[in-house]
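Engineer: Let me give you the structure first, and then I'll get to my questions.
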Amino acid sequence: MKQTFYSNGKLLITGEYLVLDGAKAFALPTKLGQNLTVENAQNNQISWKSYDSDGALWFDETITFSNILNQTKFENQSVKNTLIEILHQAYKLNSDFIQKSDGYVVTTQLTFPKNWGLGTSSTLINNIATWLKVDAFGLLKESFGGSGYDIACAQNNTPITYQLINQKPIIRKVSFDNNFKENIYFVYLNKKQNSRNAIESYLQKKNNLNKIIPEINHITDKVLAAIDFENFAIQLQNHENLVSQVLEIPTVKEVLFPDFNGTIKSLGAWGGDFIMVLSTENPKEYFKLKGYEIVLSFHELIL
């Protein structure tokens, strides 16, 4: 019997980094995500193949049940080791998938290029959790770590706010139905940012959070309540300036696009992946002249 699971990708619009410490974040699930297909097999092992959005096979390995139980580490095989760790943690949450099976053939298929940073890991973890009937937030915590907003996006087809209260995720579906979506674009910065490294850097720098987090929460509320483009842009610029102060690094606009006539907001881990661009005119030509070819409209990317 073949089973297929699907999870949405994600973009974090407000609350980056600070969501780890309880700030209210606003996030959008994307139209692009990842499929996982499972079939039964033999030999007490998992034959695992992963395909990129263009159909290219980027991971092809066999993992034995013994590897999973013993958390076997393979030299110079970081992807395989990470997958084994995820499956080991899943086994601790529900042992049935090994105890009551003879083996599996698993195939994953991204619908976005894996270097885009839209949630290659989070969509995988959510798919595995759904397949094995374990809590995806718990599985994330025990494997990759992070706030879990990306898992919430994987599971929801509408905009959400996400907040950790007493370390428990509070997820609310929200409306983001305004008349200026045609002025919102997403630009890929030509490099994937390592979320784990970015979080470690933040943890070393964070300070004065008792003052900063309420400000972020207030901005998130104002972003969601904005009924005109100008106020929406002002709130996102305020957010960008505030996080710049926390991280003690300049904004992406200051570094890369100081001459751009519009608002630019970093999304997720600063320094890579996507940025949000607010512009009354189509900015594609500007960014292409700067060497950034991937410019997507709101409607192209967001559910």
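Every chain in the structure tokens takes a letter, A first, then B, and so on in the order presented; its residues are numbered from 1, and the ligands are numbered from 1 following the presented order.
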Using only C-alpha atoms, what table do you get, as a tab-separated table, when you list each residue of segment 131-180 of chain A with an atom no more than 10 Å from segment 84-93 of chain A, its nearest pair of atoms, and their distance in Å rounded to one decimal, rows by chain then rising number?

Structural biologist:
residue	atom	partner	partner_atom	distance
A:Leu132	CA	A:Ala90	CA	7.4
A:Lys133	CA	A:Leu93	CA	9.0
A:Val134	CA	A:Leu93	CA	6.4
A:Asp135	CA	A:Leu93	CA	8.2
A:Ala136	CA	A:Ala90	CA	9.2
A:Gly138	CA	A:Leu93	CA	8.6
A:Leu139	CA	A:Ala90	CA	6.4
A:Leu140	CA	A:Ile86	CA	8.2
A:Lys141	CA	A:Gln89	CA	9.6
A:Glu142	CA	A:Gln89	CA	6.4
A:Ser143	CA	A:Ile86	CA	5.5
A:Phe144	CA	A:Ile86	CA	8.1

Engineer: If we count only C-alpha atoms, what is near Lys2 of chain A at a cut-off of 9 Å, once residues fewer than 2 positions away on the same chain are taken out, given as a PyMOL selection string?

Structural biologist: chain A and resi 4+37-40

Engineer: Write the residues of the selection above to a file with N, CA and C atoms, as a JSON list (two decimals), in the first residue's frame.

Structural biologist:
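Below you can see out_3.json, which holds the result:
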[["chain", "number", "residue", "atom", "x", "y", "z"],
["A", 4, "THR", "N", 0.85, 8.76, 0.75],
["A", 4, "THR", "CA", 1.47, 10.01, 0.34],
["A", 4, "THR", "C", 1.10, 11.13, 1.31],
["A", 37, "THR", "N", 6.31, 9.96, -0.03],
["A", 37, "THR", "CA", 5.57, 8.75, -0.39],
["A", 37, "THR", "C", 6.22, 7.54, 0.26],
["A", 38, "VAL", "N", 5.39, 6.66, 0.84],
["A", 38, "VAL", "CA", 5.90, 5.50, 1.56],
["A", 38, "VAL", "C", 5.24, 4.23, 1.01],
["A", 39, "GLU", "N", 6.09, 3.23, 0.76],
["A", 39, "GLU", "CA", 5.60, 1.90, 0.39],
["A", 39, "GLU", "C", 6.28, 0.86, 1.27],
["A", 40, "ASN", "N", 5.61, -0.24, 1.51],
["A", 40, "ASN", "CA", 6.19, -1.31, 2.32],
["A", 40, "ASN", "C", 7.25, -2.07, 1.54]]

Engineer: Can you work out which one of A:Leu32, A:Ile213, A:Val79, A:Leu124 has the shortest atom-to-atom distance to Gln163 of chain A, counting only C-alpha atoms?

Structural biologist: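 Going through A:Leu32, A:Ile213, A:Val79, A:Leu124 one by one, the smallest distance to Gln163 of chain A is for A:Ile213.
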
Engineer: Return as an MDAnalysis selection string the full set of residues in segment 96-190 of chain A whose backbone-based DSSP assignment is helix (DSSP H, G or I).

Structural biologist: chainID A and resid 96:99 114:116 120:132 136:142 149:155 181:183

Engineer: Could you name the residues that touch segment 115-118 of chain A at 6 Å or less, counting only C-alpha atoms, but leaving out those on the same chain fewer than 5 positions away, as a PyMOL selection string?

Structural biologist: chain A and resi 9-10+192+273

Engineer: Nearest to Thr64 of chain A among A:Leu28, A:Val105, A:Cys153, A:Ile199, with distances taken over only C-alpha atoms: which residue is it?

Structural biologist: A:Val105

Engineer: Quick one: residues within 12 Å of Lys288 of chain A, only C-alpha atoms, excluding same-chain residues fewer than 6 positions away - as a PyMOL selection string?

Structural biologist: chain A and resi 187-190+282+294-296

Engineer: Generate the output file for the selected residues, C-alpha atoms, as an mmCIF file, in the first residue's frame.

Structural biologist:
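Output contents, as saved in selection32.cif:
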data_model
loop_
_atom_site.group_PDB
_atom_site.id
_atom_site.type_symbol
_atom_site.label_atom_id
_atom_site.label_comp_id
_atom_site.auth_asym_id
_atom_site.auth_seq_id
_atom_site.Cartn_x
_atom_site.Cartn_y
_atom_site.Cartn_z
ATOM 1 C CA VAL A 187 13.187 38.118 -4.030
ATOM 2 C CA TYR A 188 15.633 35.239 -3.609
ATOM 3 C CA LEU A 189 19.093 36.403 -2.524
ATOM 4 C CA ASN A 190 20.923 33.629 -4.427
ATOM 5 C CA ASN A 282 7.006 46.152 -10.431
ATOM 6 C CA ILE A 294 14.113 35.132 -8.900
ATOM 7 C CA VAL A 295 11.399 37.697 -8.168
ATOM 8 C CA LEU A 296 7.996 36.249 -7.317
#

Engineer: Let me make sure I understand: among A:Arg172, A:Ala233, A:Ala226, A:Phe257, which one has the smallest atom-to-atom distance to Lys290 of chain A if we use only C-alpha atoms?

Structural biologist: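 Selected residue with least distance to Lys290 of chain A: A:Phe257.
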
Engineer: List as an NGL selection string the protein and nucleic acid residues near Ser297 of chain A, meaning an atom at most 8 Å away when only C-alpha atoms are counted, but skip any in the same chain fewer than 4 places from it.

Structural biologist: :A and (182 or 184-186 or 301)

Engineer: For the residues selected in the previous step, produce a file with C-alpha atoms as a short mmCIF file (atom, residue, chain, number, x, y, z; two decimals), in the first residue's frame.

Structural biologist:
data_model
loop_
_atom_site.label_atom_id
_atom_site.label_comp_id
_atom_site.auth_asym_id
_atom_site.auth_seq_id
_atom_site.Cartn_x
_atom_site.Cartn_y
_atom_site.Cartn_z
CA GLU A 182 -0.10 43.22 -5.80
CA ILE A 184 4.25 42.67 -2.40
CA TYR A 185 7.09 40.68 -3.99
CA PHE A 186 9.59 38.09 -2.81
CA LEU A 301 4.22 32.16 -3.95
#

Engineer: Find the spatial neighbours of Ser50 of chain A, counting only C-alpha atoms, within a cut-off of 8 Å - ignore same-chain residues fewer than 5 positions away - and output them as an MDAnalysis selection string.

Structural biologist: chainID A and resid 57:60 107:109

Engineer: Which neighbours of Gln34 of chain A fall inside 7 Å, counting only C-alpha atoms, when residues of the same chain fewer than 2 positions from it are skipped, and could you give them as a list of chain:residue names?

Structural biologist: A:Tyr6, A:Ser7, A:Asn8, A:Leu36, A:Thr108, A:Gln109, A:Leu110, A:Thr111, A:Thr123

Engineer: Output the selection as a compact mmCIF listing (two decimals), in the first residue's frame - all heavy atoms for each residue.

Structural biologist:
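Final output, saved to again.txt:
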# COMPACT_ATOMS: atom_id res chain seq x y z
N TYR A 6 1.89 15.44 2.36
CA TYR A 6 2.35 16.72 1.80
C TYR A 6 2.37 17.78 2.89
O TYR A 6 1.46 17.83 3.73
CB TYR A 6 1.45 17.18 0.66
CG TYR A 6 1.82 18.55 0.13
CD1 TYR A 6 2.89 18.70 -0.76
CD2 TYR A 6 1.14 19.69 0.55
CE1 TYR A 6 3.26 19.95 -1.21
CE2 TYR A 6 1.50 20.95 0.08
CZ TYR A 6 2.56 21.07 -0.80
OH TYR A 6 2.94 22.31 -1.24
N SER A 7 3.37 18.65 2.87
CA SER A 7 3.47 19.77 3.80
C SER A 7 3.83 21.04 3.06
O SER A 7 4.61 21.02 2.10
CB SER A 7 4.54 19.49 4.87
OG SER A 7 4.15 18.41 5.70
N ASN A 8 3.27 22.16 3.53
CA ASN A 8 3.53 23.47 2.92
C ASN A 8 4.89 24.02 3.33
O ASN A 8 5.36 23.80 4.45
CB ASN A 8 2.47 24.50 3.38
CG ASN A 8 1.06 24.07 3.09
OD1 ASN A 8 0.78 23.53 2.02
ND2 ASN A 8 0.17 24.33 4.02
N LEU A 36 5.94 13.33 0.48
CA LEU A 36 6.64 12.14 0.96
C LEU A 36 5.74 10.94 0.67
O LEU A 36 4.57 10.93 1.04
CB LEU A 36 6.95 12.25 2.45
CG LEU A 36 7.72 11.08 3.09
CD1 LEU A 36 8.65 11.60 4.18
CD2 LEU A 36 6.78 10.04 3.69
N THR A 108 10.88 11.32 -1.43
CA THR A 108 10.45 12.70 -1.18
C THR A 108 10.64 13.52 -2.44
O THR A 108 11.56 13.28 -3.23
CB THR A 108 11.23 13.36 -0.03
OG1 THR A 108 12.59 13.58 -0.42
CG2 THR A 108 11.19 12.50 1.22
N GLN A 109 9.76 14.48 -2.64
CA GLN A 109 9.79 15.34 -3.83
C GLN A 109 9.48 16.77 -3.42
O GLN A 109 8.38 17.07 -2.97
CB GLN A 109 8.76 14.87 -4.86
CG GLN A 109 8.60 15.79 -6.07
CD GLN A 109 9.71 15.63 -7.07
OE1 GLN A 109 9.91 14.56 -7.62
NE2 GLN A 109 10.44 16.72 -7.33
N LEU A 110 10.46 17.64 -3.56
CA LEU A 110 10.24 19.06 -3.31
C LEU A 110 9.53 19.69 -4.50
O LEU A 110 9.74 19.28 -5.65
CB LEU A 110 11.56 19.78 -3.08
CG LEU A 110 12.26 19.52 -1.75
CD1 LEU A 110 13.73 19.93 -1.84
CD2 LEU A 110 11.57 20.26 -0.62
N THR A 111 8.69 20.68 -4.23
CA THR A 111 8.10 21.46 -5.33
C THR A 111 8.72 22.85 -5.40
O THR A 111 8.27 23.68 -6.18
CB THR A 111 6.57 21.54 -5.20
OG1 THR A 111 6.22 22.25 -4.00
CG2 THR A 111 5.94 20.15 -5.15
N THR A 123 9.28 20.75 6.27
CA THR A 123 8.30 19.95 5.53
C THR A 123 8.62 18.47 5.65
O THR A 123 7.71 17.63 5.72
CB THR A 123 8.24 20.36 4.05
OG1 THR A 123 9.57 20.33 3.48
CG2 THR A 123 7.67 21.77 3.89

Engineer: Determine the nearest neighbour of Asn217 of chain A from the options A:Ala23, A:Val252, A:Ile234, A:Ile98, counting only C-alpha atoms.

Structural biologist: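 Ranked by minimum distance to Asn217 of chain A, first place goes to A:Ala23.
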
Engineer: Calculated over only C-alpha atoms, which of the candidates A:Ile46, A:Leu209, A:Ala225, A:Ile219 has the smallest distance to Asn178 of chain A?

Structural biologist: A:Ala225

Engineer: Can you work out the spacing between atom CA of Thr62 of chain A and atom CA of Asp102 of chain A in Å, to one decimal?

Structural biologist: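 We find that atom CA of Thr62 of chain A and atom CA of Asp102 of chain A lie 13.9 Å from each other.
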
Engineer: So that each row is one residue of segment 248-268 of chain A with an atom at most 9 Å from segment 274-278 of chain A, can you give its shortest atom pair and the distance in Å to one decimal, using only C-alpha atoms, rows by chain and rising number, as CSV?

Structural biologist:
residue,atom,partner,partner_atom,distance
A:Val252,CA,A:Ile275,CA,8.5
A:Gly262,CA,A:Leu278,CA,5.8
A:Thr263,CA,A:Leu278,CA,5.0
A:Ile264,CA,A:Val277,CA,4.7
A:Lys265,CA,A:Met276,CA,5.0
A:Ser266,CA,A:Ile275,CA,4.7
A:Leu267,CA,A:Ile275,CA,5.4
A:Gly268,CA,A:Phe274,CA,8.1
